[in-house]
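So this one's structure.txt, compact mmCIF, C-alpha atoms:
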```txt
# COMPACT_ATOMS: atom_id res chain seq x y z
CA MET W 1188 16.57 23.25 129.55
CA ARG W 1189 15.22 25.62 126.91
CA TRP W 1190 18.07 28.00 127.73
CA ILE W 1191 20.61 25.14 127.44
CA ARG W 1192 19.16 24.02 124.09
CA ALA W 1193 19.17 27.63 122.83
CA ALA W 1194 22.75 28.08 124.02
CA GLY W 1195 23.71 24.85 122.29
CA ARG W 1196 22.16 26.05 119.04
CA GLY W 1197 24.01 29.38 119.48
CA LEU W 1198 27.29 27.62 120.07
CA LEU W 1199 26.69 25.48 116.98
CA VAL W 1200 26.01 28.58 114.89
CA LEU W 1201 29.08 30.28 116.36
CA ALA W 1202 31.18 27.23 115.60
CA VAL W 1203 29.97 27.24 112.00
CA VAL W 1204 30.69 30.96 111.68
CA VAL W 1205 34.14 30.64 113.25
CA THR W 1206 34.94 27.60 111.12
CA GLY W 1207 33.87 29.50 108.02
CA TYR W 1208 35.93 32.53 109.04
CA VAL W 1209 39.01 30.41 109.68
CA ALA W 1210 38.55 28.60 106.36
CA SER W 1211 38.12 31.92 104.60
CA GLY W 1212 41.27 33.22 106.28
CA ALA W 1213 43.15 30.11 105.28
CA ARG W 1214 42.02 30.58 101.67
CA ALA W 1215 43.16 34.21 101.83
CA GLU W 1216 46.53 33.15 103.20
CA GLN W 1217 46.77 30.49 100.53
CA GLY W 1218 45.89 33.09 97.89
CA SER W 1219 48.61 35.48 99.09
CA ALA W 1220 51.10 32.60 99.10
CA THR W 1221 50.77 32.48 95.31
CA GLY W 1222 52.35 35.93 95.27
CA ARG W 1223 49.58 37.48 93.17
CA GLY W 1224 47.51 40.51 94.15
CA PRO W 1225 47.37 44.33 94.17
CA LEU W 1226 50.54 46.40 94.39
CA THR W 1227 51.82 49.82 95.34
CA LEU W 1228 54.57 51.38 93.21
CA ALA W 1229 56.62 54.20 94.76
CA THR W 1230 58.58 56.61 92.58
CA ALA W 1231 60.07 60.07 92.64
CA GLY W 1232 57.87 62.81 91.18
CA ASP W 1233 56.90 62.16 87.55
CA LEU W 1234 58.04 65.38 85.87
CA THR W 1235 56.56 64.48 82.46
CA ASN W 1236 53.35 62.79 83.72
CA TYR W 1237 53.93 59.68 81.65
CA LEU W 1238 53.82 56.90 84.24
CA GLY W 1239 50.12 57.03 85.09
CA PRO W 1240 49.03 56.13 81.52
CA LEU W 1241 51.55 53.26 81.42
CA LEU W 1242 50.14 51.80 84.62
CA GLU W 1243 46.59 52.22 83.32
CA GLY W 1244 47.58 49.83 80.54
CA TRP W 1245 48.61 47.26 83.14
CA ASN W 1246 45.52 47.80 85.31
CA ARG W 1247 43.14 47.28 82.37
CA THR W 1248 44.46 43.76 81.80
CA HIS W 1249 45.33 42.73 85.37
CA ALA W 1250 42.13 43.21 87.35
CA GLY W 1251 43.38 41.25 90.36
CA GLU W 1252 46.83 42.87 90.38
CA LYS W 1253 46.04 46.56 90.09
CA VAL W 1254 48.83 49.00 90.83
CA THR W 1255 48.47 52.14 92.92
CA LEU W 1256 51.07 54.79 92.07
CA VAL W 1257 52.60 56.78 94.93
CA GLU W 1258 54.59 59.83 93.81
CA LEU W 1259 57.22 61.04 96.25
CA PRO W 1260 59.03 64.41 95.95
CA ASP W 1261 60.98 65.39 92.81
CA SER W 1262 64.21 65.67 94.80
CA ALA W 1263 66.25 62.45 94.86
CA ASP W 1264 67.36 63.18 98.42
CA GLU W 1265 63.79 63.61 99.68
CA THR W 1266 62.61 60.50 97.83
CA HIS W 1267 65.48 58.51 99.33
CA ALA W 1268 64.57 59.75 102.82
CA GLN W 1269 60.91 58.74 102.49
CA MET W 1270 61.68 55.34 101.00
CA THR W 1271 64.27 54.44 103.62
CA THR W 1272 62.03 55.61 106.46
CA ASP W 1273 59.30 53.29 105.17
CA LEU W 1274 61.68 50.37 104.62
CA ARG W 1275 63.26 50.69 108.05
CA GLY W 1276 59.81 50.40 109.60
CA GLY W 1277 59.81 46.63 109.07
CA ASP W 1278 56.69 44.54 108.47
CA ARG W 1279 55.29 45.29 105.03
CA GLY W 1280 55.61 49.03 104.73
CA ARG W 1281 53.59 51.00 102.21
CA PHE W 1282 55.51 50.16 99.04
CA ASP W 1283 55.74 46.85 97.17
CA VAL W 1284 57.72 47.94 94.11
CA LEU W 1285 60.31 50.72 94.35
CA ASN W 1286 61.55 52.82 91.45
CA ILE W 1287 64.99 53.60 92.90
CA ASP W 1288 67.93 55.65 91.73
CA VAL W 1289 70.53 53.32 90.21
CA ASN W 1290 72.97 54.14 92.97
CA TRP W 1291 70.68 53.05 95.78
CA THR W 1292 70.70 49.40 94.68
CA SER W 1293 73.83 48.51 96.67
CA GLU W 1294 72.64 50.34 99.78
CA PHE W 1295 69.14 48.83 99.74
CA ALA W 1296 70.45 45.32 99.01
CA ALA W 1297 73.11 45.47 101.74
CA ALA W 1298 70.44 46.58 104.24
CA GLY W 1299 68.16 43.68 103.29
CA TRP W 1300 65.36 46.00 102.19
CA ILE W 1301 64.95 44.54 98.68
CA ARG W 1302 64.83 40.93 97.61
CA PRO W 1303 67.12 39.20 95.10
CA LEU W 1304 65.47 38.48 91.73
CA GLU W 1305 65.69 35.58 89.29
CA ARG W 1306 67.78 36.66 86.29
CA GLY W 1307 65.88 34.31 83.98
CA ARG W 1308 62.61 36.21 84.44
CA PHE W 1309 63.93 39.34 82.74
CA PRO W 1310 65.41 40.02 79.25
CA LEU W 1311 68.72 41.39 80.54
CA LYS W 1312 70.57 40.55 77.32
CA SER W 1313 68.31 43.01 75.47
CA PHE W 1314 69.48 45.90 77.65
CA LEU W 1315 72.45 48.22 77.17
CA ASP W 1316 75.36 46.45 78.86
CA PRO W 1317 76.39 49.08 81.46
CA VAL W 1318 72.89 49.48 82.92
CA VAL W 1319 72.68 45.87 84.11
CA ARG W 1320 75.72 46.38 86.37
CA THR W 1321 73.81 49.08 88.28
CA ALA W 1322 71.20 46.49 89.30
CA THR W 1323 73.58 44.01 90.94
CA TYR W 1324 75.16 43.76 94.35
CA ASP W 1325 77.66 41.18 95.58
CA GLY W 1326 77.15 39.16 92.40
CA HIS W 1327 73.35 38.94 92.65
CA LEU W 1328 70.55 40.69 90.77
CA TYR W 1329 68.59 42.88 93.19
CA ALA W 1330 66.72 45.11 90.73
CA VAL W 1331 65.92 45.42 87.03
CA PRO W 1332 67.04 48.44 84.97
CA TYR W 1333 64.06 50.57 83.99
CA VAL W 1334 65.40 53.93 82.80
CA THR W 1335 68.98 54.82 82.02
CA ASN W 1336 70.59 58.23 81.70
CA ALA W 1337 73.82 59.98 80.95
CA GLY W 1338 74.62 63.65 81.18
CA LEU W 1339 74.92 65.59 77.92
CA LEU W 1340 76.16 69.06 77.06
CA LEU W 1341 73.25 71.05 75.64
CA TYR W 1342 74.23 74.13 73.63
CA ARG W 1343 72.71 76.93 71.60
CA LYS W 1344 73.50 75.79 68.08
CA ASP W 1345 72.14 79.03 66.59
CA VAL W 1346 74.62 81.10 68.59
CA LEU W 1347 77.61 78.88 67.81
CA ALA W 1348 76.64 78.78 64.12
CA GLU W 1349 76.51 82.59 64.05
CA GLU W 1350 80.02 82.67 65.57
CA GLY W 1351 81.27 79.97 63.20
CA VAL W 1352 82.53 77.64 65.94
CA PRO W 1353 81.73 73.97 66.61
CA PRO W 1354 80.43 72.75 69.97
CA PRO W 1355 83.25 72.33 72.50
CA ARG W 1356 85.04 69.01 72.90
CA THR W 1357 87.41 70.06 75.70
CA TRP W 1358 87.21 72.03 78.92
CA ALA W 1359 89.44 74.73 77.44
CA GLU W 1360 87.08 75.21 74.48
CA LEU W 1361 84.04 75.26 76.77
CA GLU W 1362 85.69 77.83 79.04
CA GLN W 1363 86.80 80.02 76.13
CA ASP W 1364 83.34 80.04 74.51
CA ALA W 1365 81.62 80.64 77.85
CA LYS W 1366 83.93 83.61 78.53
CA THR W 1367 83.85 85.25 75.09
CA ILE W 1368 80.79 84.19 73.07
CA ALA W 1369 78.17 84.04 75.82
CA PRO W 1370 78.53 87.69 76.97
CA LYS W 1371 78.29 88.94 73.37
CA HIS W 1372 74.82 87.41 73.18
CA GLY W 1373 73.68 88.38 76.67
CA LEU W 1374 73.95 84.82 77.94
CA GLY W 1375 75.44 83.10 80.95
CA GLY W 1376 78.27 80.77 79.98
CA TYR W 1377 77.78 77.35 81.51
CA ALA W 1378 75.73 75.72 84.26
CA GLY W 1379 75.10 72.36 85.79
CA GLN W 1380 73.36 71.27 88.98
CA PHE W 1381 75.41 72.77 91.80
CA LEU W 1382 72.97 73.00 94.72
CA PRO W 1383 74.16 70.64 97.48
CA TYR W 1384 71.96 67.60 96.71
CA GLU W 1385 72.44 64.43 94.67
CA GLY W 1386 72.86 66.43 91.47
CA LEU W 1387 76.02 68.04 92.84
CA THR W 1388 77.44 64.58 93.59
CA VAL W 1389 76.81 63.67 89.96
CA ASN W 1390 78.39 66.85 88.56
CA ALA W 1391 81.42 66.50 90.83
CA ALA W 1392 81.88 62.82 89.95
CA GLU W 1393 81.71 63.64 86.22
CA ALA W 1394 84.40 66.29 86.62
CA VAL W 1395 86.65 63.88 88.55
CA TYR W 1396 86.04 60.98 86.14
CA SER W 1397 86.58 63.18 83.08
CA ALA W 1398 90.00 64.16 84.44
CA GLY W 1399 90.86 60.47 84.84
CA GLY W 1400 90.22 60.13 88.56
CA THR W 1401 87.94 58.07 90.78
CA ILE W 1402 86.29 58.54 94.18
CA LEU W 1403 86.01 55.05 95.67
CA GLY W 1404 87.34 51.64 94.73
CA ALA W 1405 85.24 48.52 94.20
CA GLU W 1406 82.13 48.37 96.43
CA GLY W 1407 83.39 51.38 98.38
CA LYS W 1408 86.09 49.52 100.28
CA ARG W 1409 88.95 51.84 99.23
CA VAL W 1410 89.11 55.65 99.05
CA THR W 1411 90.79 56.87 95.84
CA VAL W 1412 89.71 60.52 95.59
CA ASP W 1413 92.95 62.16 96.82
CA SER W 1414 94.53 62.56 93.38
CA ALA W 1415 95.71 65.17 90.92
CA ALA W 1416 92.76 64.27 88.67
CA ALA W 1417 90.22 65.00 91.41
CA ARG W 1418 91.91 68.33 92.17
CA GLU W 1419 91.83 69.20 88.46
CA GLY W 1420 88.14 68.30 88.08
CA ILE W 1421 86.90 70.13 91.17
CA GLY W 1422 89.24 73.00 90.34
CA PHE W 1423 87.72 73.38 86.87
CA LEU W 1424 84.23 73.92 88.33
CA ALA W 1425 85.46 76.16 91.14
CA ARG W 1426 87.38 78.34 88.67
CA GLY W 1427 84.23 78.75 86.57
CA ILE W 1428 82.30 80.11 89.54
CA ARG W 1429 85.18 82.31 90.65
CA GLU W 1430 85.74 83.80 87.18
CA GLY W 1431 82.04 84.18 86.40
CA TRP W 1432 81.66 82.08 83.26
CA ILE W 1433 79.60 79.79 85.47
CA PRO W 1434 76.92 82.16 86.85
CA ARG W 1435 76.87 82.22 90.65
CA GLN W 1436 73.13 81.59 90.40
CA ALA W 1437 74.03 78.04 89.31
CA LEU W 1438 74.93 77.28 92.94
CA THR W 1439 71.15 77.16 93.52
CA TYR W 1440 70.31 74.98 90.51
CA LYS W 1441 68.83 71.50 90.50
CA GLU W 1442 67.75 69.81 87.24
CA GLU W 1443 64.55 71.78 86.80
CA GLU W 1444 65.98 75.20 87.65
CA SER W 1445 68.94 74.75 85.31
CA LYS W 1446 66.71 73.43 82.54
CA GLN W 1447 64.38 76.39 82.91
CA ALA W 1448 67.27 78.87 82.73
CA PHE W 1449 68.47 77.26 79.48
CA GLN W 1450 64.93 77.00 78.10
CA ASP W 1451 64.35 80.69 78.85
CA GLY W 1452 67.36 81.61 76.74
CA LYS W 1453 69.69 82.56 79.60
CA LEU W 1454 72.56 80.10 79.03
CA LEU W 1455 74.90 79.16 76.20
CA PHE W 1456 75.81 75.73 77.63
CA LEU W 1457 74.08 73.40 80.08
CA ARG W 1458 74.98 70.04 81.53
CA ASN W 1459 71.74 68.10 82.09
CA TRP W 1460 69.96 64.82 81.42
CA PRO W 1461 68.35 64.19 78.00
CA TYR W 1462 64.85 65.01 79.25
CA ALA W 1463 65.95 68.66 79.35
CA TYR W 1464 66.70 68.54 75.62
CA ALA W 1465 63.26 67.12 74.88
CA VAL W 1466 61.40 69.64 77.05
CA ALA W 1467 63.44 72.63 75.84
CA SER W 1468 62.78 71.56 72.23
CA ALA W 1469 59.00 71.40 72.68
CA ARG W 1470 56.61 73.89 71.11
CA GLY W 1471 56.44 77.11 73.11
CA SER W 1472 60.03 76.97 74.33
CA LYS W 1473 62.09 80.07 73.58
CA VAL W 1474 64.93 77.90 72.30
CA ALA W 1475 62.94 75.28 70.37
CA GLY W 1476 64.83 74.37 67.20
CA LYS W 1477 67.94 76.22 68.42
CA ILE W 1478 69.65 73.60 70.57
CA GLY W 1479 72.03 70.71 70.08
CA ALA W 1480 73.56 68.04 72.29
CA VAL W 1481 77.06 66.55 72.42
CA PRO W 1482 79.00 64.43 74.93
CA LEU W 1483 80.34 66.21 77.98
CA PRO W 1484 83.80 67.67 77.34
CA GLY W 1485 86.90 66.72 79.31
CA PRO W 1486 90.43 68.06 79.68
CA ASP W 1487 91.70 66.67 76.36
CA GLY W 1488 88.57 65.52 74.53
CA PRO W 1489 85.17 63.99 75.36
CA GLY W 1490 84.77 63.49 79.09
CA LYS W 1491 82.86 60.99 81.17
CA SER W 1492 79.23 61.08 82.18
CA VAL W 1493 77.88 59.49 85.32
CA LEU W 1494 75.42 56.71 84.63
CA GLY W 1495 72.01 57.84 85.84
CA GLY W 1496 68.54 56.41 85.66
CA SER W 1497 66.49 54.15 87.88
CA ASN W 1498 65.96 50.48 88.66
CA LEU W 1499 62.84 48.62 89.75
CA ALA W 1500 63.19 46.64 92.97
CA VAL W 1501 60.84 44.55 95.12
CA ASN W 1502 60.43 45.25 98.81
CA SER W 1503 61.64 42.29 100.90
CA HIS W 1504 58.23 42.36 102.63
CA ALA W 1505 56.15 42.84 99.47
CA ARG W 1506 52.66 41.41 99.80
CA HIS W 1507 52.60 39.87 96.33
CA PRO W 1508 56.14 39.27 95.05
CA ASP W 1509 55.10 37.35 91.95
CA SER W 1510 52.83 40.18 90.81
CA ALA W 1511 55.68 42.58 91.57
CA ALA W 1512 58.03 40.64 89.27
CA ARG W 1513 55.33 40.47 86.59
CA LEU W 1514 54.84 44.24 86.77
CA ILE W 1515 58.58 44.77 86.37
CA SER W 1516 58.58 42.51 83.30
CA TYR W 1517 55.75 44.61 81.86
CA LEU W 1518 57.48 47.94 82.51
CA THR W 1519 60.71 46.71 80.91
CA SER W 1520 59.05 45.11 77.89
CA ALA W 1521 59.91 46.53 74.46
CA PRO W 1522 56.51 48.21 73.79
CA VAL W 1523 56.41 49.89 77.20
CA GLN W 1524 60.06 50.92 77.03
CA ARG W 1525 59.25 52.65 73.75
CA GLN W 1526 56.53 54.62 75.55
CA VAL W 1527 58.95 55.48 78.36
CA LEU W 1528 60.86 57.40 75.69
CA THR W 1529 57.99 58.77 73.57
CA ARG W 1530 55.68 59.69 76.49
CA GLY W 1531 58.19 60.41 79.22
CA ALA W 1532 61.25 61.64 77.28
CA LEU W 1533 63.27 59.26 79.45
CA PRO W 1534 66.06 57.10 77.99
CA PRO W 1535 65.00 53.44 77.76
CA VAL W 1536 67.21 50.50 78.72
CA ARG W 1537 66.40 48.44 75.60
CA ALA W 1538 69.42 48.66 73.27
CA ALA W 1539 67.47 48.21 70.01
CA LEU W 1540 65.45 51.40 70.53
CA TYR W 1541 68.58 53.52 70.12
CA GLN W 1542 68.90 52.33 66.52
CA ASP W 1543 65.27 52.81 65.54
CA PRO W 1544 65.16 55.33 62.63
CA ALA W 1545 61.72 56.67 63.56
CA LEU W 1546 62.80 57.33 67.13
CA ILE W 1547 66.04 58.96 66.02
CA ARG W 1548 64.04 61.37 63.84
CA GLN W 1549 61.94 62.27 66.86
CA PHE W 1550 64.84 62.31 69.33
CA PRO W 1551 67.98 63.29 67.38
CA TYR W 1552 70.20 62.98 70.45
CA LEU W 1553 69.71 59.19 70.74
CA PRO W 1554 72.98 58.17 69.00
CA THR W 1555 74.94 60.64 71.16
CA LEU W 1556 73.17 59.39 74.26
CA ARG W 1557 73.88 55.75 73.41
CA THR W 1558 77.59 56.53 73.14
CA ALA W 1559 77.48 58.47 76.41
CA VAL W 1560 75.72 55.62 78.24
CA ILE W 1561 78.11 52.96 76.93
CA HIS W 1562 81.12 54.98 78.13
CA ALA W 1563 79.51 56.28 81.33
CA GLU W 1564 80.76 55.40 84.80
CA PRO W 1565 78.58 54.60 87.82
CA ARG W 1566 78.65 56.74 90.91
CA PRO W 1567 80.78 55.30 93.73
CA LYS W 1568 79.25 52.00 94.88
CA SER W 1569 78.91 51.77 98.63
CA ALA W 1570 76.63 50.21 101.20
CA HIS W 1571 76.78 53.68 102.85
CA TYR W 1572 76.09 55.57 99.65
CA ASP W 1573 73.80 58.16 101.24
CA GLN W 1574 76.61 59.20 103.61
CA VAL W 1575 79.16 59.17 100.79
CA SER W 1576 76.95 61.44 98.68
CA LEU W 1577 76.32 63.86 101.55
CA ALA W 1578 80.06 64.15 102.16
CA VAL W 1579 80.74 64.86 98.47
CA GLN W 1580 78.01 67.50 98.37
CA ALA W 1581 79.19 69.35 101.47
CA VAL W 1582 82.87 69.40 100.55
CA VAL W 1583 82.42 70.27 96.86
CA GLN W 1584 79.94 73.03 97.74
CA ASP W 1585 82.61 74.60 99.95
CA ALA W 1586 85.08 74.46 97.07
CA LEU W 1587 82.66 75.95 94.54
CA SER W 1588 81.57 78.77 96.83
CA GLY W 1589 85.20 79.70 97.56
CA ARG W 1590 85.19 78.74 101.25
CA GLU W 1591 87.91 76.15 100.62
CA THR W 1592 90.51 75.60 97.91
CA PRO W 1593 90.02 72.59 95.63
CA GLU W 1594 93.23 71.07 97.01
CA ALA W 1595 92.09 71.38 100.62
CA ALA W 1596 88.59 70.16 99.69
CA VAL W 1597 89.92 66.98 98.07
CA ARG W 1598 92.10 66.19 101.11
CA ARG W 1599 89.15 66.75 103.43
CA LEU W 1600 86.88 64.60 101.28
CA ALA W 1601 89.39 61.73 101.33
CA HIS W 1602 89.49 61.91 105.13
CA GLU W 1603 85.69 61.95 105.47
CA LEU W 1604 85.19 59.08 103.00
CA ALA W 1605 87.78 56.99 104.83
CA ALA W 1606 85.82 57.44 108.06
CA ILE W 1607 82.58 56.41 106.29
CA SER W 1608 84.14 53.37 104.59
CA SER W 1609 85.54 52.05 107.87
CA ARG W 1610 82.09 51.76 109.48
```

Just give me the structure of the file as structure tokens.
Amino acid sequence: MRWIRAAGRGLLVLAVVVTGYVASGARAEQGSATGRGPLTLATAGDLTNYLGPLLEGWNRTHAGEKVTLVELPDSADETHAQMTTDLRGGDRGRFDVLNIDVNWTSEFAAAGWIRPLERGRFPLKSFLDPVVRTATYDGHLYAVPYVTNAGLLLYRKDVLAEEGVPPPRTWAELEQDAKTIAPKHGLGGYAGQFLPYEGLTVNAAEAVYSAGGTILGAEGKRVTVDSAAAREGIGFLARGIREGWIPRQALTYKEEESKQAFQDGKLLFLRNWPYAYAVASARGSKVAGKIGAVPLPGPDGPGKSVLGGSNLAVNSHARHPDSAARLISYLTSAPVQRQVLTRGALPPVRAALYQDPALIRQFPYLPTLRTAVIHAEPRPKSAHYDQVSLAVQAVVQDALSGRETPEAAVRRLAHELAAISSR
């Protein structure tokens, strides 16, 4: 009897404990249903180390919604690979908020990896018009623009001033200066990002767009690359490598390598993103105070830049989607966007900042960049964008290295893109 009474008391205690545990679990589930709680933000490598301090500002005032920053590799291709591996894993994955390249929005949305967002929660009308289009898919908002970008032509203004020539506006002027002026000053002529990775896709698309061509039609459903304009654009770059006014070393360049070559005083002209201007102008740079920036040239005048930058998206399985949306609102607010520029040297999405006199004094390229962004074109939109980009990289690399003529490369690319689009 004593054993039975003791067992009864034990069962009563166990029942109380279990009941308490279940109630606690129910409260936890109820708490998570509000969508508030800690977050993980995944991003490509932070080259200017600005993002940590911005998130510290959030964490100081959001004790229950603290953000852990996860930095992935600098390379867009490697970041894409790690993000998609995590997202394909199902369940929750490691990442709640994703800082994604603007051209991944369509792919991630089509795959169901990111959730649609309420337009009314974000000040989209305060952004530069073209950047909002990079955040939509099939008529719905799937991300919020965070950083924009457009390629610029950086040049040695001291060298051109000494020669008495203005910065080039056309491909012919760029080629002539790269052939004649650069060697006189012991410089390479022109470089971009020509290693086979996402940067080569961007450079190739800019050359094709500048010549008046396109690569894919709307949402990637039609292949349009087999054109005289595409042959002209790819041919321009291939001729530069073949004739030497684009140094062959540029076939190994990504953003950082090309920026470093320009910053070390080895190039007359460089196609790169605006961050390269800011870094190369900083104290200690060999070319500080000696560089300028203009729109990319084209065959008959200013060419077209590809719209770069990144968007903030929420994982479909995010633990705390409301906190995720609140974090995105914070990172796209006017004060934080100002710091994105001043701390990170990255172009903000808020239109008003491009007309701020104090910022223009600090970043003289802002008016040029605004014009470039407004007239920029997105990379080809496709639910299979990663495959599209890999095809562009492989084919264009063969053309630049002389393994294939530009004409044959464009025909081959059209065939490969048609196979991808039909999947």

Margin query: Report, in Å to a single decimal, how far apart CA of Pro1225 in chain W and CA of Arg1308 in chain W are.
Written below: 19.8 Å

Next item on the list: Quote the spacing between CA of Asn1459 in chain W and CA of Gly1338 in chain W in Å to one decimal place.
Entry: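 If I compute the distance from CA of Asn1459 in chain W to CA of Gly1338 in chain W, I get 5.4 Å.
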
Notebook entry, point to check: W:Ser1569, W:Lys1477, W:Gln1580, W:Tyr1329: which is nearest Arg1610 in chain W, counting all atoms listed in the file?
Noted result: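 Looking only at the distances to Arg1610 in chain W, the closest residue turns out to be W:Ser1569.
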
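Near range 1425-1432 of chain W, within 6 Å and counting all atoms listed in the file, sit W:Ala1365, W:Lys1366, W:Gly1376, W:Leu1587, not including residues fewer than 5 positions from it in the same chain.
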
Item checked: Test item: residues at most 7 Å from range 1494-1504 of chain W, only C-alpha atoms, excluding those fewer than 3 positions along its chain, as JSON, numbers by chain -> {"W": [1278, 1279, 1282, 1283, 1284, 1285, 1286, 1287, 1288, 1289, 1300, 1301, 1302, 1322, 1329, 1330, 1331, 1332, 1333, 1334, 1335, 1336, 1337, 1511, 1515, 1560, 1563, 1564, 1565]}

Next item on the list: Could you tell me which of W:Gln1549, W:Leu1483, W:Ala1415, W:Glu1591 comes closest to Ala1469 in chain W if we count only C-alpha atoms?
Entry: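 Result for the nearest residue to Ala1469 in chain W: W:Gln1549.
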
Next item on the list: Quote the spacing between CA of Ser1588 in chain W and CA of Gln1450 in chain W in Å to one decimal place.
Entry: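 A separation of 25.1 Å between them.
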
Check: With distances taken over all atoms listed in the file, which of W:Asp1509, W:Glu1443, W:Asp1413, W:Asp1573 is nearest to Ser1293 in chain W?
Finding: W:Asp1573

Checklist line | Thr1388 in chain W surroundings by all atoms listed in the file, 12 Å radius, close-in-sequence under 4 positions cut, as JSON, numbers by chain | finding: {"W": [1263, 1264, 1290, 1379, 1380, 1381, 1382, 1383, 1384, 1392, 1393, 1394, 1395, 1396, 1402, 1421, 1441, 1493, 1495, 1565, 1566, 1567, 1572, 1573, 1574, 1575, 1576, 1577, 1578, 1579, 1580, 1581, 1582, 1583, 1584]}

Notebook entry, point to check: Nearest to Pro1593 in chain W: which of W:Leu1424, W:Val1410, W:Ala1467, W:Val1257 is it, counting only C-alpha atoms?
Noted result: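 Answer, going by the shortest atom-to-atom distance: W:Leu1424.
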
Note to self: Restricting the calculation to only C-alpha atoms: of W:Ala1229, W:Leu1242, W:Leu1454, W:Ala1595, which residue gets closest to Val1474 in chain W?
What the structure shows: W:Leu1454

So that all listed atoms of range 1511-1517 of chain W fit with 6 Å spare on each side, what axis-aligned box centre and edge lengths in Å, to one decimal, would you give as JSON?
```
{"center_x": 56.7, "center_y": 42.6, "center_z": 86.7, "size_x": 15.7, "size_y": 16.3, "size_z": 21.7}
```
